[in-house]
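Shown below: query10.pdb, with PDB, C-alpha atoms and all ligand atoms.
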```pdb
ATOM      1  CA  MET J   1     150.353 100.348  63.789
ATOM      2  CA  ASP J   2     152.456 102.715  65.816
ATOM      3  CA  ARG J   3     150.375 104.690  68.284
ATOM      4  CA  SER J   4     150.967 106.812  71.323
ATOM      5  CA  ALA J   5     148.828 109.128  73.402
ATOM      6  CA  ASN J   6     149.344 112.890  73.162
ATOM      7  CA  ALA J   7     149.155 115.316  76.073
ATOM      8  CA  ALA J   8     145.369 115.384  75.887
ATOM      9  CA  GLY J   9     145.284 111.584  76.119
ATOM     10  CA  VAL J  10     144.140 111.228  72.503
ATOM     11  CA  LEU J  11     145.744 108.436  70.497
ATOM     12  CA  GLU J  12     148.247 109.701  67.941
ATOM     13  CA  HIS J  13     148.637 107.581  64.824
ATOM     14  CA  SER J  14     151.956 107.772  63.032
ATOM     15  CA  ASP J  15     150.815 106.096  59.839
ATOM     16  CA  THR J  16     149.660 109.296  58.141
ATOM     17  CA  GLY J  17     151.354 108.365  54.834
ATOM     18  CA  ALA J  18     148.232 106.369  53.989
ATOM     19  CA  GLN J  19     146.338 109.582  53.180
ATOM     20  CA  GLU J  20     149.220 111.744  52.014
ATOM     21  CA  ASN J  21     148.431 111.662  48.299
ATOM     22  CA  ARG J  22     144.664 111.637  48.421
ATOM     23  CA  VAL J  23     143.028 114.451  46.483
ATOM     24  CA  VAL J  24     139.334 115.328  46.472
ATOM     25  CA  THR J  25     138.607 117.753  43.640
ATOM     26  CA  GLU J  26     136.245 120.717  43.807
ATOM     27  CA  GLU J  27     134.005 118.916  41.285
ATOM     28  CA  GLU J  28     133.760 115.976  43.654
ATOM     29  CA  TRP J  29     132.653 118.317  46.449
ATOM     30  CA  LEU J  30     130.029 119.872  44.179
ATOM     31  CA  GLN J  31     128.805 116.378  43.362
ATOM     32  CA  LYS J  32     128.542 115.511  47.042
ATOM     33  CA  TRP J  33     126.208 118.487  47.451
ATOM     34  CA  GLU J  34     124.182 117.531  44.376
ATOM     35  CA  MET J  35     123.859 113.901  45.468
ATOM     36  CA  ARG J  36     122.982 114.980  49.047
ATOM     37  CA  ASN J  37     126.047 113.132  50.233
ATOM     38  CA  ILE J  38     126.479 115.629  53.059
ATOM     39  CA  GLY J  39     126.584 113.569  56.216
ATOM     40  CA  PHE J  40     128.977 116.161  57.664
ATOM     41  CA  HIS J  41     126.212 118.752  57.959
ATOM     42  CA  LYS J  42     124.869 119.165  61.483
ATOM     43  CA  GLU J  43     121.234 120.256  61.480
ATOM     44  CA  GLN J  44     121.372 121.392  65.089
ATOM     45  CA  GLY J  45     124.733 123.134  64.960
ATOM     46  CA  HIS J  46     127.951 121.780  66.395
ATOM     47  CA  PRO J  47     127.965 120.754  70.064
ATOM     48  CA  LEU J  48     131.662 121.656  70.456
ATOM     49  CA  LEU J  49     131.027 125.221  69.337
ATOM     50  CA  GLN J  50     128.281 125.430  71.904
ATOM     51  CA  LYS J  51     130.643 124.063  74.537
ATOM     52  CA  TYR J  52     133.566 126.357  73.717
ATOM     53  CA  LEU J  53     131.712 129.446  72.580
ATOM     54  CA  ASP J  54     133.007 131.475  75.512
ATOM     55  CA  VAL J  55     136.563 130.615  74.549
ATOM     56  CA  LEU J  56     135.974 131.753  70.989
ATOM     57  CA  LEU J  57     134.349 135.009  71.987
ATOM     58  CA  GLY J  58     136.412 135.736  75.076
ATOM     59  CA  GLY J  59     133.740 138.112  76.366
ATOM     60  CA  ARG J  60     134.048 140.291  73.260
ATOM     61  CA  SER J  61     131.127 141.541  71.205
ATOM     62  CA  GLY J  62     130.698 142.554  67.575
ATOM     63  CA  LEU J  63     133.444 140.223  66.348
ATOM     64  CA  ARG J  64     134.300 139.338  62.766
ATOM     65  CA  ILE J  65     134.135 135.555  62.659
ATOM     66  CA  PHE J  66     135.391 133.411  59.806
ATOM     67  CA  PHE J  67     133.981 130.040  58.730
ATOM     68  CA  PRO J  68     136.431 128.548  56.207
ATOM     69  CA  LEU J  69     134.862 125.834  53.982
ATOM     70  CA  CYS J  70     131.560 126.723  55.596
ATOM     71  CA  GLY J  71     129.045 124.444  53.863
ATOM     72  CA  LYS J  72     125.686 125.551  55.241
ATOM     73  CA  ALA J  73     126.741 125.464  58.902
ATOM     74  CA  VAL J  74     123.807 126.637  60.996
ATOM     75  CA  ASP J  75     126.201 128.118  63.568
ATOM     76  CA  MET J  76     126.795 130.992  61.137
ATOM     77  CA  LYS J  77     123.227 132.116  61.714
ATOM     78  CA  ARG J  78     123.534 131.667  65.479
ATOM     79  CA  LEU J  79     126.664 133.818  65.742
ATOM     80  CA  ALA J  80     125.175 136.472  63.460
ATOM     81  CA  ASP J  81     122.072 136.542  65.678
ATOM     82  CA  MET J  82     124.376 137.243  68.617
ATOM     83  CA  GLY J  83     125.576 140.403  66.903
ATOM     84  CA  HIS J  84     128.765 139.162  65.267
ATOM     85  CA  HIS J  85     129.673 139.595  61.636
ATOM     86  CA  VAL J  86     130.065 136.231  59.940
ATOM     87  CA  VAL J  87     132.086 135.584  56.804
ATOM     88  CA  GLY J  88     132.210 132.165  55.147
ATOM     89  CA  VAL J  89     133.742 130.665  52.035
ATOM     90  CA  GLU J  90     132.470 127.660  50.152
ATOM     91  CA  VAL J  91     132.852 126.282  46.610
ATOM     92  CA  SER J  92     129.297 125.025  46.401
ATOM     93  CA  GLU J  93     126.808 127.730  45.506
ATOM     94  CA  GLN J  94     124.057 125.217  46.187
ATOM     95  CA  ALA J  95     125.235 124.944  49.823
ATOM     96  CA  LEU J  96     125.153 128.706  50.288
ATOM     97  CA  LYS J  97     121.732 129.090  48.699
ATOM     98  CA  GLU J  98     120.382 126.302  50.892
ATOM     99  CA  PHE J  99     121.778 128.139  53.918
ATOM    100  CA  PHE J 100     119.860 131.330  53.167
ATOM    101  CA  ALA J 101     116.702 129.432  52.138
ATOM    102  CA  GLU J 102     116.655 127.185  55.219
ATOM    103  CA  HIS J 103     116.902 130.183  57.536
ATOM    104  CA  SER J 104     114.457 132.268  55.463
ATOM    105  CA  LEU J 105     117.102 134.939  55.160
ATOM    106  CA  PRO J 106     116.813 137.390  52.257
ATOM    107  CA  TYR J 107     120.146 138.011  50.531
ATOM    108  CA  SER J 108     121.731 139.683  47.560
ATOM    109  CA  GLU J 109     124.370 138.433  45.165
ATOM    110  CA  GLU J 110     127.257 140.364  43.690
ATOM    111  CA  PRO J 111     130.470 139.555  41.846
ATOM    112  CA  VAL J 112     133.774 139.892  43.663
ATOM    113  CA  PRO J 113     135.891 142.183  41.486
ATOM    114  CA  GLU J 114     139.223 140.803  42.752
ATOM    115  CA  ILE J 115     138.280 137.144  42.075
ATOM    116  CA  PRO J 116     137.121 136.246  38.563
ATOM    117  CA  GLY J 117     134.041 134.009  38.655
ATOM    118  CA  ALA J 118     133.488 134.419  42.404
ATOM    119  CA  LYS J 119     130.267 135.661  43.981
ATOM    120  CA  LYS J 120     129.463 137.174  47.327
ATOM    121  CA  LEU J 121     126.089 136.283  48.799
ATOM    122  CA  GLN J 122     125.206 138.705  51.540
ATOM    123  CA  SER J 123     122.238 138.709  53.894
ATOM    124  CA  THR J 124     120.105 141.799  53.479
ATOM    125  CA  SER J 125     120.784 142.623  57.107
ATOM    126  CA  GLY J 126     124.465 142.758  56.078
ATOM    127  CA  ASN J 127     125.930 140.629  58.861
ATOM    128  CA  ILE J 128     126.464 137.370  56.948
ATOM    129  CA  SER J 129     128.737 137.451  53.884
ATOM    130  CA  LEU J 130     129.374 134.161  52.129
ATOM    131  CA  TYR J 131     131.921 133.936  49.328
ATOM    132  CA  CYS J 132     131.325 131.353  46.654
ATOM    133  CA  CYS J 133     134.834 130.489  45.465
ATOM    134  CA  SER J 134     137.813 128.414  46.490
ATOM    135  CA  ILE J 135     139.386 129.253  49.832
ATOM    136  CA  TYR J 136     142.688 129.648  47.985
ATOM    137  CA  ASP J 137     141.289 132.598  46.022
ATOM    138  CA  LEU J 138     140.825 134.630  49.193
ATOM    139  CA  SER J 139     143.243 137.020  50.824
ATOM    140  CA  SER J 140     143.016 139.581  53.598
ATOM    141  CA  SER J 141     142.741 142.337  50.991
ATOM    142  CA  VAL J 142     139.421 140.798  49.875
ATOM    143  CA  VAL J 143     137.896 139.602  53.164
ATOM    144  CA  GLY J 144     139.849 141.522  55.797
ATOM    145  CA  LYS J 145     141.073 139.933  59.035
ATOM    146  CA  PHE J 146     139.130 138.078  61.696
ATOM    147  CA  ASP J 147     138.822 138.051  65.467
ATOM    148  CA  GLY J 148     137.514 134.504  65.605
ATOM    149  CA  PHE J 149     137.741 131.342  63.493
ATOM    150  CA  TRP J 150     135.537 128.277  63.575
ATOM    151  CA  ASP J 151     137.462 125.603  61.707
ATOM    152  CA  ARG J 152     135.275 122.515  61.643
ATOM    153  CA  GLY J 153     135.297 120.257  58.586
ATOM    154  CA  ALA J 154     137.814 122.671  57.072
ATOM    155  CA  LEU J 155     141.472 121.818  57.840
ATOM    156  CA  VAL J 156     140.391 118.166  57.959
ATOM    157  CA  ALA J 157     138.657 118.523  54.565
ATOM    158  CA  VAL J 158     141.582 120.224  52.852
ATOM    159  CA  ASN J 159     143.659 117.861  50.711
ATOM    160  CA  PRO J 160     146.776 116.815  52.670
ATOM    161  CA  CYS J 161     149.038 118.333  49.973
ATOM    162  CA  ASP J 162     147.339 121.735  50.473
ATOM    163  CA  ARG J 163     147.496 121.890  54.264
ATOM    164  CA  GLN J 164     150.509 124.148  54.500
ATOM    165  CA  ARG J 165     149.041 126.597  52.002
ATOM    166  CA  TYR J 166     145.742 126.576  53.877
ATOM    167  CA  ALA J 167     147.312 127.153  57.304
ATOM    168  CA  SER J 168     149.553 129.930  55.987
ATOM    169  CA  LEU J 169     146.506 131.658  54.520
ATOM    170  CA  MET J 170     144.618 131.355  57.817
ATOM    171  CA  ILE J 171     147.540 132.950  59.653
ATOM    172  CA  THR J 172     147.402 135.940  57.292
ATOM    173  CA  LEU J 173     143.689 136.352  58.073
ATOM    174  CA  MET J 174     144.204 136.497  61.843
ATOM    175  CA  GLU J 175     143.611 139.760  63.601
ATOM    176  CA  GLN J 176     145.709 140.480  66.648
ATOM    177  CA  ASN J 177     144.260 138.572  69.603
ATOM    178  CA  SER J 178     142.150 136.386  67.386
ATOM    179  CA  SER J 179     141.036 133.017  68.692
ATOM    180  CA  TYR J 180     140.946 129.983  66.469
ATOM    181  CA  LEU J 181     138.883 126.956  67.329
ATOM    182  CA  LEU J 182     139.915 123.929  65.360
ATOM    183  CA  VAL J 183     138.034 120.647  65.356
ATOM    184  CA  THR J 184     140.053 117.617  64.345
ATOM    185  CA  VAL J 185     139.255 113.930  64.303
ATOM    186  CA  SER J 186     141.315 111.069  65.636
ATOM    187  CA  TYR J 187     141.165 107.666  63.969
ATOM    188  CA  ASP J 188     143.443 105.101  62.353
ATOM    189  CA  PRO J 189     144.224 106.629  58.918
ATOM    190  CA  THR J 190     144.814 103.208  57.363
ATOM    191  CA  LYS J 191     141.176 102.318  57.987
ATOM    192  CA  HIS J 192     139.480 105.258  56.232
ATOM    193  CA  LYS J 193     140.659 107.262  53.256
ATOM    194  CA  GLY J 194     139.123 110.595  54.292
ATOM    195  CA  PRO J 195     137.859 113.245  54.262
ATOM    196  CA  PRO J 196     137.757 114.044  57.061
ATOM    197  CA  PHE J 197     141.501 113.466  57.054
ATOM    198  CA  TYR J 198     143.503 112.621  60.122
ATOM    199  CA  VAL J 199     145.768 115.527  61.073
ATOM    200  CA  PRO J 200     148.008 114.661  64.025
ATOM    201  CA  GLU J 201     148.652 117.170  66.761
ATOM    202  CA  SER J 202     152.328 117.407  65.833
ATOM    203  CA  GLU J 203     151.366 118.495  62.322
ATOM    204  CA  ILE J 204     148.883 121.080  63.601
ATOM    205  CA  ASN J 205     151.666 122.458  65.692
ATOM    206  CA  SER J 206     154.060 122.820  62.798
ATOM    207  CA  LEU J 207     151.396 124.074  60.375
ATOM    208  CA  PHE J 208     150.250 126.905  62.562
ATOM    209  CA  GLY J 209     153.681 127.546  64.009
ATOM    210  CA  PHE J 210     154.914 128.414  60.550
ATOM    211  CA  LEU J 211     156.112 131.903  59.867
ATOM    212  CA  PRO J 212     158.380 132.598  56.911
ATOM    213  CA  GLU J 213     160.826 134.416  59.118
ATOM    214  CA  LYS J 214     160.810 131.796  61.866
ATOM    215  CA  GLY J 215     164.283 130.458  62.433
ATOM    216  CA  ASP J 216     167.468 131.936  63.758
ATOM    217  CA  TRP J 217     165.877 135.066  65.114
ATOM    218  CA  LEU J 218     163.664 133.013  67.406
ATOM    219  CA  ASP J 219     166.528 131.141  69.020
ATOM    220  CA  LYS J 220     168.385 134.410  69.357
ATOM    221  CA  MET J 221     165.398 136.090  70.989
ATOM    222  CA  ILE J 222     164.899 133.227  73.400
ATOM    223  CA  GLY J 223     168.574 133.495  74.270
ATOM    224  CA  GLU J 224     168.165 137.218  74.860
ATOM    225  CA  MET J 225     165.102 136.700  76.994
ATOM    226  CA  GLU J 226     166.907 134.176  79.144
ATOM    227  CA  ALA J 227     169.938 136.402  79.444
ATOM    228  CA  SER J 228     167.773 139.365  80.380
ATOM    229  CA  VAL J 229     166.287 137.607  83.378
ATOM    230  CA  GLN J 230     169.506 136.026  84.623
ATOM    231  CA  GLY J 231     170.402 139.135  86.559
ATOM    232  CA  CYS J 232     167.165 139.553  88.434
ATOM    233  CA  LEU J 233     165.879 136.089  89.170
ATOM    234  CA  ASN J 234     167.205 133.595  91.678
ATOM    235  CA  SER J 235     168.161 130.156  90.394
ATOM    236  CA  ALA J 236     164.838 128.531  91.302
ATOM    237  CA  ARG J 237     163.040 131.059  89.217
ATOM    238  CA  ILE J 238     165.385 130.622  86.313
ATOM    239  CA  ILE J 239     164.482 126.940  86.195
ATOM    240  CA  ALA J 240     160.816 127.939  86.114
ATOM    241  CA  MET J 241     161.613 130.382  83.354
ATOM    242  CA  GLU J 242     163.198 127.692  81.210
ATOM    243  CA  GLU J 243     160.137 125.536  81.627
ATOM    244  CA  LEU J 244     157.996 128.446  80.642
ATOM    245  CA  LEU J 245     159.992 128.971  77.481
ATOM    246  CA  LEU J 246     159.684 125.312  76.603
ATOM    247  CA  MET J 247     155.958 125.442  77.170
ATOM    248  CA  THR J 248     155.428 128.540  75.154
ATOM    249  CA  SER J 249     157.932 128.120  72.369
ATOM    250  CA  PRO J 250     155.254 127.200  69.762
ATOM    251  CA  LEU J 251     153.500 130.355  70.832
ATOM    252  CA  LEU J 252     156.619 132.452  70.562
ATOM    253  CA  GLN J 253     156.974 131.297  66.999
ATOM    254  CA  LEU J 254     153.707 133.026  66.282
ATOM    255  CA  LEU J 255     154.669 136.327  67.835
ATOM    256  CA  THR J 256     156.353 139.040  65.869
ATOM    257  CA  ARG J 257     159.876 140.099  66.663
ATOM    258  CA  ASP J 258     158.567 143.273  68.247
ATOM    259  CA  GLU J 259     156.271 141.390  70.545
ATOM    260  CA  VAL J 260     159.042 139.079  71.658
ATOM    261  CA  ARG J 261     161.283 142.077  72.192
ATOM    262  CA  HIS J 262     158.527 143.765  74.190
ATOM    263  CA  ALA J 263     158.073 140.632  76.314
ATOM    264  CA  SER J 264     161.777 140.544  76.899
ATOM    265  CA  ASP J 265     161.877 144.218  77.935
ATOM    266  CA  SER J 266     158.934 143.807  80.262
ATOM    267  CA  MET J 267     160.595 140.879  81.936
ATOM    268  CA  ARG J 268     163.768 142.792  82.404
ATOM    269  CA  LYS J 269     161.861 145.613  84.053
ATOM    270  CA  SER J 270     159.582 143.564  86.267
ATOM    271  CA  GLY J 271     162.157 140.881  86.971
ATOM    272  CA  THR J 272     159.597 138.122  87.074
ATOM    273  CA  ALA J 273     158.675 135.280  84.815
ATOM    274  CA  GLY J 274     155.085 135.596  86.011
ATOM    275  CA  TYR J 275     154.716 138.857  84.183
ATOM    276  CA  VAL J 276     155.405 137.107  80.902
ATOM    277  CA  LEU J 277     152.786 134.502  81.610
ATOM    278  CA  GLY J 278     150.380 137.313  82.273
ATOM    279  CA  MET J 279     151.086 139.153  79.087
ATOM    280  CA  LEU J 280     151.187 136.227  76.704
ATOM    281  CA  PRO J 281     147.802 135.208  75.341
ATOM    282  CA  THR J 282     146.212 132.691  77.639
ATOM    283  CA  ARG J 283     144.067 130.839  75.128
ATOM    284  CA  TRP J 284     146.726 128.219  74.559
ATOM    285  CA  ILE J 285     145.013 124.967  75.308
ATOM    286  CA  PHE J 286     145.678 121.898  73.252
ATOM    287  CA  LEU J 287     143.031 119.220  72.992
ATOM    288  CA  ALA J 288     143.832 117.468  69.720
ATOM    289  CA  GLY J 289     141.274 114.967  68.583
ATOM    290  CA  THR J 290     138.388 117.031  69.803
ATOM    291  CA  VAL J 291     138.944 120.750  69.686
ATOM    292  CA  THR J 292     142.181 122.623  69.446
ATOM    293  CA  PHE J 293     142.482 126.189  70.532
ATOM    294  CA  LEU J 294     145.204 128.046  68.819
ATOM    295  CA  PRO J 295     146.600 130.976  70.704
ATOM    296  CA  ALA J 296     145.896 134.557  70.012
ATOM    297  CA  LEU J 297     148.433 135.373  67.383
ATOM    298  CA  ARG J 298     150.872 137.982  66.258
TER
HETATM  299  N1  LIG P 301     132.359 123.341  57.634
HETATM  300  C1  LIG P 301     131.126 122.765  57.136
HETATM  301  C2  LIG P 301     131.321 121.892  55.894
HETATM  302  C3  LIG P 301     132.338 120.798  56.034
HETATM  303  S1  LIG P 301     132.545 119.780  54.596
HETATM  304  C4  LIG P 301     130.444 122.036  58.242
HETATM  305  O1  LIG P 301     131.015 121.879  59.314
HETATM  306  O2  LIG P 301     129.310 121.570  58.031
HETATM  307  C5  LIG P 301     133.762 120.674  53.665
HETATM  308  C6  LIG P 301     133.152 121.744  52.780
HETATM  309  O3  LIG P 301     134.213 122.415  52.113
HETATM  310  C7  LIG P 301     132.219 121.222  51.689
HETATM  311  O4  LIG P 301     131.003 121.907  51.779
HETATM  312  C8  LIG P 301     132.945 121.544  50.389
HETATM  313  O5  LIG P 301     132.055 121.864  49.339
HETATM  314  C9  LIG P 301     133.829 122.716  50.783
HETATM  315  N2  LIG P 301     135.096 122.864  50.051
HETATM  316  C10 LIG P 301     135.941 121.891  49.660
HETATM  317  N3  LIG P 301     137.040 122.408  49.086
HETATM  318  C11 LIG P 301     136.903 123.758  49.133
HETATM  319  C12 LIG P 301     137.722 124.858  48.730
HETATM  320  N4  LIG P 301     138.897 124.657  48.132
HETATM  321  N5  LIG P 301     137.274 126.108  48.935
HETATM  322  C13 LIG P 301     136.072 126.326  49.533
HETATM  323  N6  LIG P 301     135.258 125.332  49.937
HETATM  324  C14 LIG P 301     135.663 124.060  49.744
END
```

Please rewrite the model in this file as structure tokens.
Ligand code: SAH
Amino acid sequence: MDRSANAAGVLEHSDTGAQENRVVTEEEWLQKWEMRNIGFHKEQGHPLLQKYLDVLLGGRSGLRIFFPLCGKAVDMKRLADMGHHVVGVEVSEQALKEFFAEHSLPYSEEPVPEIPGAKKLQSTSGNISLYCCSIYDLSSSVVGKFDGFWDRGALVAVNPCDRQRYASLMITLMEQNSSYLLVTVSYDPTKHKGPPFYVPESEINSLFGFLPEKGDWLDKMIGEMEASVQGCLNSARIIAMEELLLMTSPLLQLLTRDEVRHASDSMRKSGTAGYVLGMLPTRWIFLAGTVTFLPALR
């Protein structure tokens, strides 16, 4: 088994092929709920959300927060009680009904005109909306965009062959300056067939770094940014600047051209690399294996 530690000191396993072709069907998930085979459910909420709540909220109030593949996560109630608007999606109607029943929350049910067969279960108070359908049926035109994401038991529950589709969808649901908390698990993927699946840090990076237009323009922009600071920085600072670009290149991939151009202009004007650090989103902390914070995006 080939293993190495990532930056966060978590063991990275390279043998991910073991799980590559595994598929868990929606029917199998429904059966898990029927058979009460739901060991993933945390009665007391998730300790990592508690720990990193401030990072998710970033001091903001009245956020729209998305729970993909939500199950009956009790944290949805907790965030709604704090004044946020919670939206979840889940294939099991039983899970969603149990959620409302277990919290004694009255709710109403309505069809979702854009998605045949889907239902929206909404708390009477209006601040919890749970869609009963497949995550792949959703789009921002149906659910809007979100300021915060709690991805626990979601990316790691998605079939490996659907990961790219899932991540691309999540990116389209991100509001500007959204924060995305992702919980992953680290274990030897030859020892357990999943779910939860093992998703290595390198894959998370490429999944969420994906933008259809990523490519030449990025290299060109980085070149332009470097060229724009050449004139105003001394050589020591240019070295620092290169390190900064290396550090933030996954982040740059998630910025739009305009934002990169704006960063480049600002640098030219202020003549410091520090300014760029200040203006780029700061929630870029990578702790694969436990919780991964994706940066504020686009
Ligand atoms: N996030 C929840 C549940 C994790 S288990 C928690 O932390 O407790 C994964 C959940 O995803 C299951 O409840 C399963 O029914 C649901 N699910 C699986 N595939 C799905 C899909 N394609 N669309 C929506 N929900 C799905």

Given 9 Å and all atoms listed in the file, residues near ligand LIG 301 (chain P) as number ranges by chain: J: 24-33, 38-43, 45-46, 67-75, 88-93, 95, 131-137, 150-159, 195-196

Test item: the PyMOL selection byres (((chain J and resi 161-174) around 9) and not hetatm) resolved as a ChimeraX atom specification: /J:20-23,66,68,135-136,138-140,143-149,155-156,158-160,175-180,204,207-208,210-211,296-298

C-alpha atoms of the current selection, written as a PDB file, in the coordinates of the input:
```pdb
ATOM      1  CA  GLU J  20     149.220 111.744  52.014  1.00  0.00           C
ATOM      2  CA  ASN J  21     148.431 111.662  48.299  1.00  0.00           C
ATOM      3  CA  ARG J  22     144.664 111.637  48.421  1.00  0.00           C
ATOM      4  CA  VAL J  23     143.028 114.451  46.483  1.00  0.00           C
ATOM      5  CA  PHE J  66     135.391 133.411  59.806  1.00  0.00           C
ATOM      6  CA  PRO J  68     136.431 128.548  56.207  1.00  0.00           C
ATOM      7  CA  ILE J 135     139.386 129.253  49.832  1.00  0.00           C
ATOM      8  CA  TYR J 136     142.688 129.648  47.985  1.00  0.00           C
ATOM      9  CA  LEU J 138     140.825 134.630  49.193  1.00  0.00           C
ATOM     10  CA  SER J 139     143.243 137.020  50.824  1.00  0.00           C
ATOM     11  CA  SER J 140     143.016 139.581  53.598  1.00  0.00           C
ATOM     12  CA  VAL J 143     137.896 139.602  53.164  1.00  0.00           C
ATOM     13  CA  GLY J 144     139.849 141.522  55.797  1.00  0.00           C
ATOM     14  CA  LYS J 145     141.073 139.933  59.035  1.00  0.00           C
ATOM     15  CA  PHE J 146     139.130 138.078  61.696  1.00  0.00           C
ATOM     16  CA  ASP J 147     138.822 138.051  65.467  1.00  0.00           C
ATOM     17  CA  GLY J 148     137.514 134.504  65.605  1.00  0.00           C
ATOM     18  CA  PHE J 149     137.741 131.342  63.493  1.00  0.00           C
ATOM     19  CA  LEU J 155     141.472 121.818  57.840  1.00  0.00           C
ATOM     20  CA  VAL J 156     140.391 118.166  57.959  1.00  0.00           C
ATOM     21  CA  VAL J 158     141.582 120.224  52.852  1.00  0.00           C
ATOM     22  CA  ASN J 159     143.659 117.861  50.711  1.00  0.00           C
ATOM     23  CA  PRO J 160     146.776 116.815  52.670  1.00  0.00           C
ATOM     24  CA  GLU J 175     143.611 139.760  63.601  1.00  0.00           C
ATOM     25  CA  GLN J 176     145.709 140.480  66.648  1.00  0.00           C
ATOM     26  CA  ASN J 177     144.260 138.572  69.603  1.00  0.00           C
ATOM     27  CA  SER J 178     142.150 136.386  67.386  1.00  0.00           C
ATOM     28  CA  SER J 179     141.036 133.017  68.692  1.00  0.00           C
ATOM     29  CA  TYR J 180     140.946 129.983  66.469  1.00  0.00           C
ATOM     30  CA  ILE J 204     148.883 121.080  63.601  1.00  0.00           C
ATOM     31  CA  LEU J 207     151.396 124.074  60.375  1.00  0.00           C
ATOM     32  CA  PHE J 208     150.250 126.905  62.562  1.00  0.00           C
ATOM     33  CA  PHE J 210     154.914 128.414  60.550  1.00  0.00           C
ATOM     34  CA  LEU J 211     156.112 131.903  59.867  1.00  0.00           C
ATOM     35  CA  ALA J 296     145.896 134.557  70.012  1.00  0.00           C
ATOM     36  CA  LEU J 297     148.433 135.373  67.383  1.00  0.00           C
ATOM     37  CA  ARG J 298     150.872 137.982  66.258  1.00  0.00           C
TER      38      ARG J 298
END
```

Give me the result of the PyMOL selection byres (((chain J and resi 111) around 12) and not hetatm) on this file, residue by residue, as an mmCIF file with C-alpha atoms, keeping the file's coordinate frame.
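The resulting part25.cif:
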```cif
data_model
loop_
_atom_site.group_PDB
_atom_site.id
_atom_site.type_symbol
_atom_site.label_atom_id
_atom_site.label_comp_id
_atom_site.auth_asym_id
_atom_site.auth_seq_id
_atom_site.Cartn_x
_atom_site.Cartn_y
_atom_site.Cartn_z
ATOM 1 C CA SER J 108 121.731 139.683 47.560
ATOM 2 C CA GLU J 109 124.370 138.433 45.165
ATOM 3 C CA GLU J 110 127.257 140.364 43.690
ATOM 4 C CA VAL J 112 133.774 139.892 43.663
ATOM 5 C CA PRO J 113 135.891 142.183 41.486
ATOM 6 C CA GLU J 114 139.223 140.803 42.752
ATOM 7 C CA ILE J 115 138.280 137.144 42.075
ATOM 8 C CA PRO J 116 137.121 136.246 38.563
ATOM 9 C CA GLY J 117 134.041 134.009 38.655
ATOM 10 C CA ALA J 118 133.488 134.419 42.404
ATOM 11 C CA LYS J 119 130.267 135.661 43.981
ATOM 12 C CA LYS J 120 129.463 137.174 47.327
ATOM 13 C CA LEU J 121 126.089 136.283 48.799
ATOM 14 C CA GLN J 122 125.206 138.705 51.540
ATOM 15 C CA LEU J 130 129.374 134.161 52.129
ATOM 16 C CA TYR J 131 131.921 133.936 49.328
ATOM 17 C CA CYS J 132 131.325 131.353 46.654
ATOM 18 C CA CYS J 133 134.834 130.489 45.465
#
```

Distance query Val199 in chain J at most 8 Å, only C-alpha atoms, self and fewer than 3 positions along chain excluded, as a PyMOL selection string: chain J and resi 16+156+184-186+203-204

For CA of Ala101 in chain J and CA of Leu49 in chain J, the interatomic separation in Å (one decimal):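 Interatomic distance here is 22.8 Å.
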
Given all atoms listed in the file as the counted atoms, nearest of J:Met82, J:Val142, J:Met76, J:Gly58 to Ile128 in chain J: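 Nearest to Ile128 in chain J: J:Met76.
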
Computed interatomic separation between CA of Pro200 in chain J and CA of Val183 in chain J (Å):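 One can read the CA of Pro200 in chain J to CA of Val183 in chain J distance as 11.7 Å.
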